[in-house]
Amino acid sequence: MSRWSADPGHDCAAVVAVGLLAAGQDWAGAVQAAERALATPVCRADPLCVSRALGTLVCAGELVAADTHSLALLEAHAGDRVMAERVLLARACVARHTGDLARCSSLLVTVWRNGMADEIRSVALLWEVELLVARGEPEAAEAVLLDQDADAMIRAGHPGRPLALAAKAVVAMAADRPHEALEAHLACGRALAEHGVLNPGVLQWRSHASRAALACGDAEEALRLAMEEHAAAARWGEPRVLGWSLSAVARASAPTGEDLMTYERAIRLLEMANARLELAEVLCDYADRLTAHGRQVAACESYALARATALDIGAAVLVRRADEVVGCDGVPGGPVLTPVEAEVARLVREGLPTREIGAKLAMATRTVELHLTRVYRKLGLAGRRELQATRWTGTLRTHRGVTDGYSG
């Protein structure tokens with residue numbers, strides 16, 4: 001029987017829990033069934049039941065409950081390697097969901113070292129690949145796919161096929177192969193559907209496929225996938241999944257103003273769920289969109305927050321992404337000035353008085369002064385003298401994507 005399937009009328013609470021999880025329409029029922037399974041001595045003694053019940057709690061966002069049960073199970077089944085590998089994997093998933101990448105990595109190392117059953121190997125494979133990509137090590141992630149023979153898992157009939165496909169898609173996207181990533185994500189979705197898994201709480205393949213579709217230039221397909229995932233996430237109702245799906249909708253939508261409100265709702269939900277890895281990425285996406293709307297100050301603040309979050313969890317890729325527009329001390333130093341403001345700042349630093357700048361740029365003196373006021377506020381300077389005297393060195397990215405460099 002598939003690890004996701006549930007026989008109608010089955011009296012095992014763990015099977016009921018995972019069946020409700022797969023369907024994704026009864027969050028409360030799934031959580032109750034998982035708790036009931038973990039309170040039943042027969043289920044608590046069965047590694048497969050434990051895996052199903054803990055997995056349901058994790059995917060339902062009940063992370064504290066999952067971790068508490070895990071610790072109790074490890075103590076109760078000390079020396080049981082089969083039970084330990086499933087419980088440790090559940091704890092790694094809890095760590096991943098909260099953005100505790102170091103703890104997740106440590107737990108995965110333990111699981112890999114002890115060996116594991118074939119039916120759960122693909123779960124560890126996906127988490128490991130995602131961690132390596134988040135840390136900026138795509139080559140290492142690709143090596144893991146080879147070492148664990150992901151291609152063998154992808155063959156028809158293998159229970160780990162959906163997650164192995166997802167792992168391959170993650171690596172392909174990190175290696176700038178979006179067409180390959182999109183194909184793998186879509187295949188993952190079809191494989192999950194064959195197992196009756198419709199819930200994005202299990203795997204958010206549609207939103208990842210949406211990002212790949214955008215990278216391929218297919219905005220219509222990207223929006224379709226994002227909307228489909230959001231509808232499924234709304235049926236499930238868990239904040240992390242709902243927030244991530246909303247961010248996919250915002251990313252695939254045209255910059256009309258509604259997209260910013262959608263991003264803001266997504267950010268609130270991800271904060272509520274303590275989903276720090278997703279939050280850091282969405283904050284970067286939100287900052288990109290704010291820049292497209294010409295809201296440079298707000299964008300800079302969002303980049304700085306994304307950088308701080310990514311740095312705290314060890315997501316090096318997102319730190320580097322934010323570093324393109326945020327100074328190394330976390331002070332905004334990126335998409336701050338408009339092209340006109342950058343040009344006015346450059347001329348001031350060259351020593352030109354306001355009247356000459358106005359003549360050079362064909363604008364009134366008062367207009368130059370207004371631009372300078374905004375420059376001082378954005379760069380945190382008291383006035384012309386500080387702008388001319390500062391030893392700050394860097395590159396200012398404008399809202400048109402033009403780079404304007406100057407240094408003291």
# chains A, B, ... in the order shown; residues from 1 in each chain; ligands from 1

$ residues_around --residues "stretch 225-239 of chain A" --least-positions-apart "3" --cutoff "10 Å" --atoms "only C-alpha atoms" --output "PyMOL selection string"
chain A and resi 21+23-28+59-62+186+198-201+204-211+213+219-222+242-253+266+268-275

$ residues_around --residues "A:Leu203" --least-positions-apart "6" --cutoff "9 Å" --atoms "only C-alpha atoms" --output "VMD selection string"
chain A and resid 59 163 166 189 192 197

$ write_last_selection --atoms "C-alpha atoms" --output "compact mmCIF listing (two decimals), in the first residue's frame"
# COMPACT_ATOMS: atom_id res chain seq x y z
CA CYS A 59 2.33 19.06 7.11
CA LEU A 163 9.88 13.46 -4.15
CA ALA A 166 10.96 17.32 -6.93
CA GLY A 189 2.54 16.67 -9.68
CA LEU A 192 1.46 12.72 -6.59
CA VAL A 197 -2.09 13.46 -3.04

$ closest_residue --among "A:Ala141, A:Leu381, A:Ala95, A:Leu89" --to "A:Arg121" --atoms "only C-alpha atoms"
A:Leu89

$ closest_residue --among "A:Ala17, A:Ala187, A:Met83, A:Cys216" --to "A:Met173" --atoms "only C-alpha atoms"
A:Cys216

$ closest_residue --among "A:Glu180, A:Ser122, A:Arg113, A:Met363" --to "A:Ala152" --atoms "only C-alpha atoms"
A:Ser122

$ atom_distance --atom1 "atom CA of A:Gly160" --atom2 "atom CA of A:Ala172"
18.4 Å

$ closest_residue --among "A:Gln148, A:Gln388, A:Leu101, A:Thr262" --to "A:Leu132" --atoms "only C-alpha atoms"
A:Leu101

$ select_by_dssp --residues "stretch 52-174 of chain A" --states "helix (DSSP H, G or I)" --output "ChimeraX atom specification"
/A:52-59,63-76,81-97,101-114,118-134,138-147,150-154,161-174

$ closest_residue --among "A:Glu194, A:Asp147, A:Glu350, A:Glu119" --to "A:Arg385" --atoms "only C-alpha atoms"
A:Glu350

$ residues_around --residues "stretch 78-82 of chain A" --least-positions-apart "6" --cutoff "10 Å" --atoms "only C-alpha atoms" --output "list in words"
Asp46, Pro47, Leu48, Ala72, Val111, Asn114, Gly115, Met116 and Ala117 of chain A

$ residues_around --residues "A:Pro138" --least-positions-apart "2" --cutoff "7 Å" --atoms "only C-alpha atoms" --output "PyMOL selection string"
chain A and resi 132-133+136+140-142+171+174-175

$ closest_residue --among "A:Arg103, A:Lys168, A:Arg135, A:Arg224" --to "A:Asp151" --atoms "only C-alpha atoms"
A:Lys168

$ decode --residues "stretch 147-257 of chain A" --atoms "C-alpha atoms" --output "short mmCIF file (atom, residue, chain, number, x, y, z; two decimals), in the first residue's frame"
data_model
loop_
_atom_site.label_atom_id
_atom_site.label_comp_id
_atom_site.auth_asym_id
_atom_site.auth_seq_id
_atom_site.Cartn_x
_atom_site.Cartn_y
_atom_site.Cartn_z
CA ASP A 147 25.09 9.28 -5.07
CA GLN A 148 21.57 8.32 -4.08
CA ASP A 149 20.66 7.18 -7.60
CA ALA A 150 17.70 9.52 -7.93
CA ASP A 151 17.11 8.24 -11.47
CA ALA A 152 16.33 4.80 -10.02
CA MET A 153 13.78 6.37 -7.67
CA ILE A 154 12.12 8.14 -10.59
CA ARG A 155 11.34 4.90 -12.37
CA ALA A 156 7.66 4.00 -12.51
CA GLY A 157 6.40 2.15 -9.46
CA HIS A 158 9.01 3.42 -7.01
CA PRO A 159 7.29 4.87 -3.91
CA GLY A 160 9.73 7.78 -3.78
CA ARG A 161 9.17 8.89 -7.39
CA PRO A 162 7.32 12.18 -6.66
CA LEU A 163 9.88 13.46 -4.15
CA ALA A 164 12.84 12.36 -6.27
CA LEU A 165 11.36 14.29 -9.19
CA ALA A 166 10.96 17.32 -6.93
CA ALA A 167 14.61 17.02 -5.87
CA LYS A 168 15.74 16.91 -9.49
CA ALA A 169 13.61 19.98 -10.23
CA VAL A 170 15.19 21.91 -7.34
CA VAL A 171 18.67 21.18 -8.66
CA ALA A 172 17.72 22.02 -12.25
CA MET A 173 16.31 25.39 -11.18
CA ALA A 174 19.41 26.17 -9.13
CA ALA A 175 21.55 25.33 -12.17
CA ASP A 176 19.55 27.76 -14.33
CA ARG A 177 17.75 25.03 -16.29
CA PRO A 178 14.15 26.23 -15.85
CA HIS A 179 12.68 24.15 -18.71
CA GLU A 180 14.05 20.99 -17.12
CA ALA A 181 12.83 22.14 -13.70
CA LEU A 182 9.33 22.83 -15.02
CA GLU A 183 9.11 19.43 -16.66
CA ALA A 184 10.23 17.68 -13.47
CA HIS A 185 7.82 19.65 -11.26
CA LEU A 186 4.90 18.82 -13.56
CA ALA A 187 5.91 15.14 -13.57
CA CYS A 188 6.09 15.30 -9.77
CA GLY A 189 2.54 16.67 -9.68
CA ARG A 190 1.26 13.89 -11.92
CA ALA A 191 2.98 11.26 -9.76
CA LEU A 192 1.46 12.72 -6.59
CA ALA A 193 -1.99 12.73 -8.20
CA GLU A 194 -1.55 9.03 -9.00
CA HIS A 195 -1.09 8.48 -5.25
CA GLY A 196 -4.15 10.60 -4.51
CA VAL A 197 -2.09 13.46 -3.04
CA LEU A 198 -3.77 16.77 -3.86
CA ASN A 199 -2.67 18.76 -0.82
CA PRO A 200 0.11 21.37 -1.27
CA GLY A 201 0.80 20.87 2.42
CA VAL A 202 2.57 17.67 1.39
CA LEU A 203 4.57 19.25 -1.43
CA GLN A 204 4.12 22.69 -2.98
CA TRP A 205 5.07 21.58 -6.48
CA ARG A 206 2.70 23.97 -8.30
CA SER A 207 4.23 27.15 -6.87
CA HIS A 208 7.73 25.92 -7.68
CA ALA A 209 6.55 25.00 -11.16
CA SER A 210 5.05 28.50 -11.44
CA ARG A 211 8.44 30.06 -10.72
CA ALA A 212 10.04 27.81 -13.32
CA ALA A 213 7.35 28.74 -15.86
CA LEU A 214 8.07 32.43 -15.27
CA ALA A 215 11.76 31.78 -15.84
CA CYS A 216 10.78 30.09 -19.10
CA GLY A 217 8.81 33.18 -20.13
CA ASP A 218 5.36 31.58 -19.82
CA ALA A 219 3.51 34.04 -17.57
CA GLU A 220 0.09 32.58 -18.36
CA GLU A 221 1.09 29.08 -17.25
CA ALA A 222 2.82 30.52 -14.19
CA LEU A 223 -0.35 32.28 -13.07
CA ARG A 224 -2.50 29.22 -13.77
CA LEU A 225 -0.29 27.02 -11.60
CA ALA A 226 -0.13 29.61 -8.82
CA MET A 227 -3.90 30.08 -8.74
CA GLU A 228 -4.44 26.32 -8.72
CA GLU A 229 -2.10 25.93 -5.78
CA HIS A 230 -3.70 28.79 -3.89
CA ALA A 231 -7.14 27.23 -4.28
CA ALA A 232 -5.82 23.93 -2.89
CA ALA A 233 -3.97 25.74 -0.08
CA ALA A 234 -7.13 27.61 0.88
CA ARG A 235 -8.97 24.30 1.23
CA TRP A 236 -6.24 23.04 3.57
CA GLY A 237 -5.89 26.33 5.47
CA GLU A 238 -2.43 25.94 7.02
CA PRO A 239 -0.68 29.38 7.22
CA ARG A 240 2.71 28.37 5.77
CA VAL A 241 1.19 26.71 2.71
CA LEU A 242 -1.36 29.48 2.27
CA GLY A 243 1.28 32.20 2.54
CA TRP A 244 3.61 30.51 0.07
CA SER A 245 0.79 30.02 -2.44
CA LEU A 246 -0.22 33.67 -2.14
CA SER A 247 3.35 34.71 -2.86
CA ALA A 248 3.29 32.58 -6.01
CA VAL A 249 0.09 34.32 -7.13
CA ALA A 250 1.63 37.75 -6.47
CA ARG A 251 4.83 36.83 -8.31
CA ALA A 252 2.93 35.63 -11.38
CA SER A 253 0.53 38.61 -11.40
CA ALA A 254 0.96 41.86 -13.28
CA PRO A 255 2.23 44.83 -11.18
CA THR A 256 -1.14 46.55 -10.74
CA GLY A 257 -1.00 47.36 -7.03
#
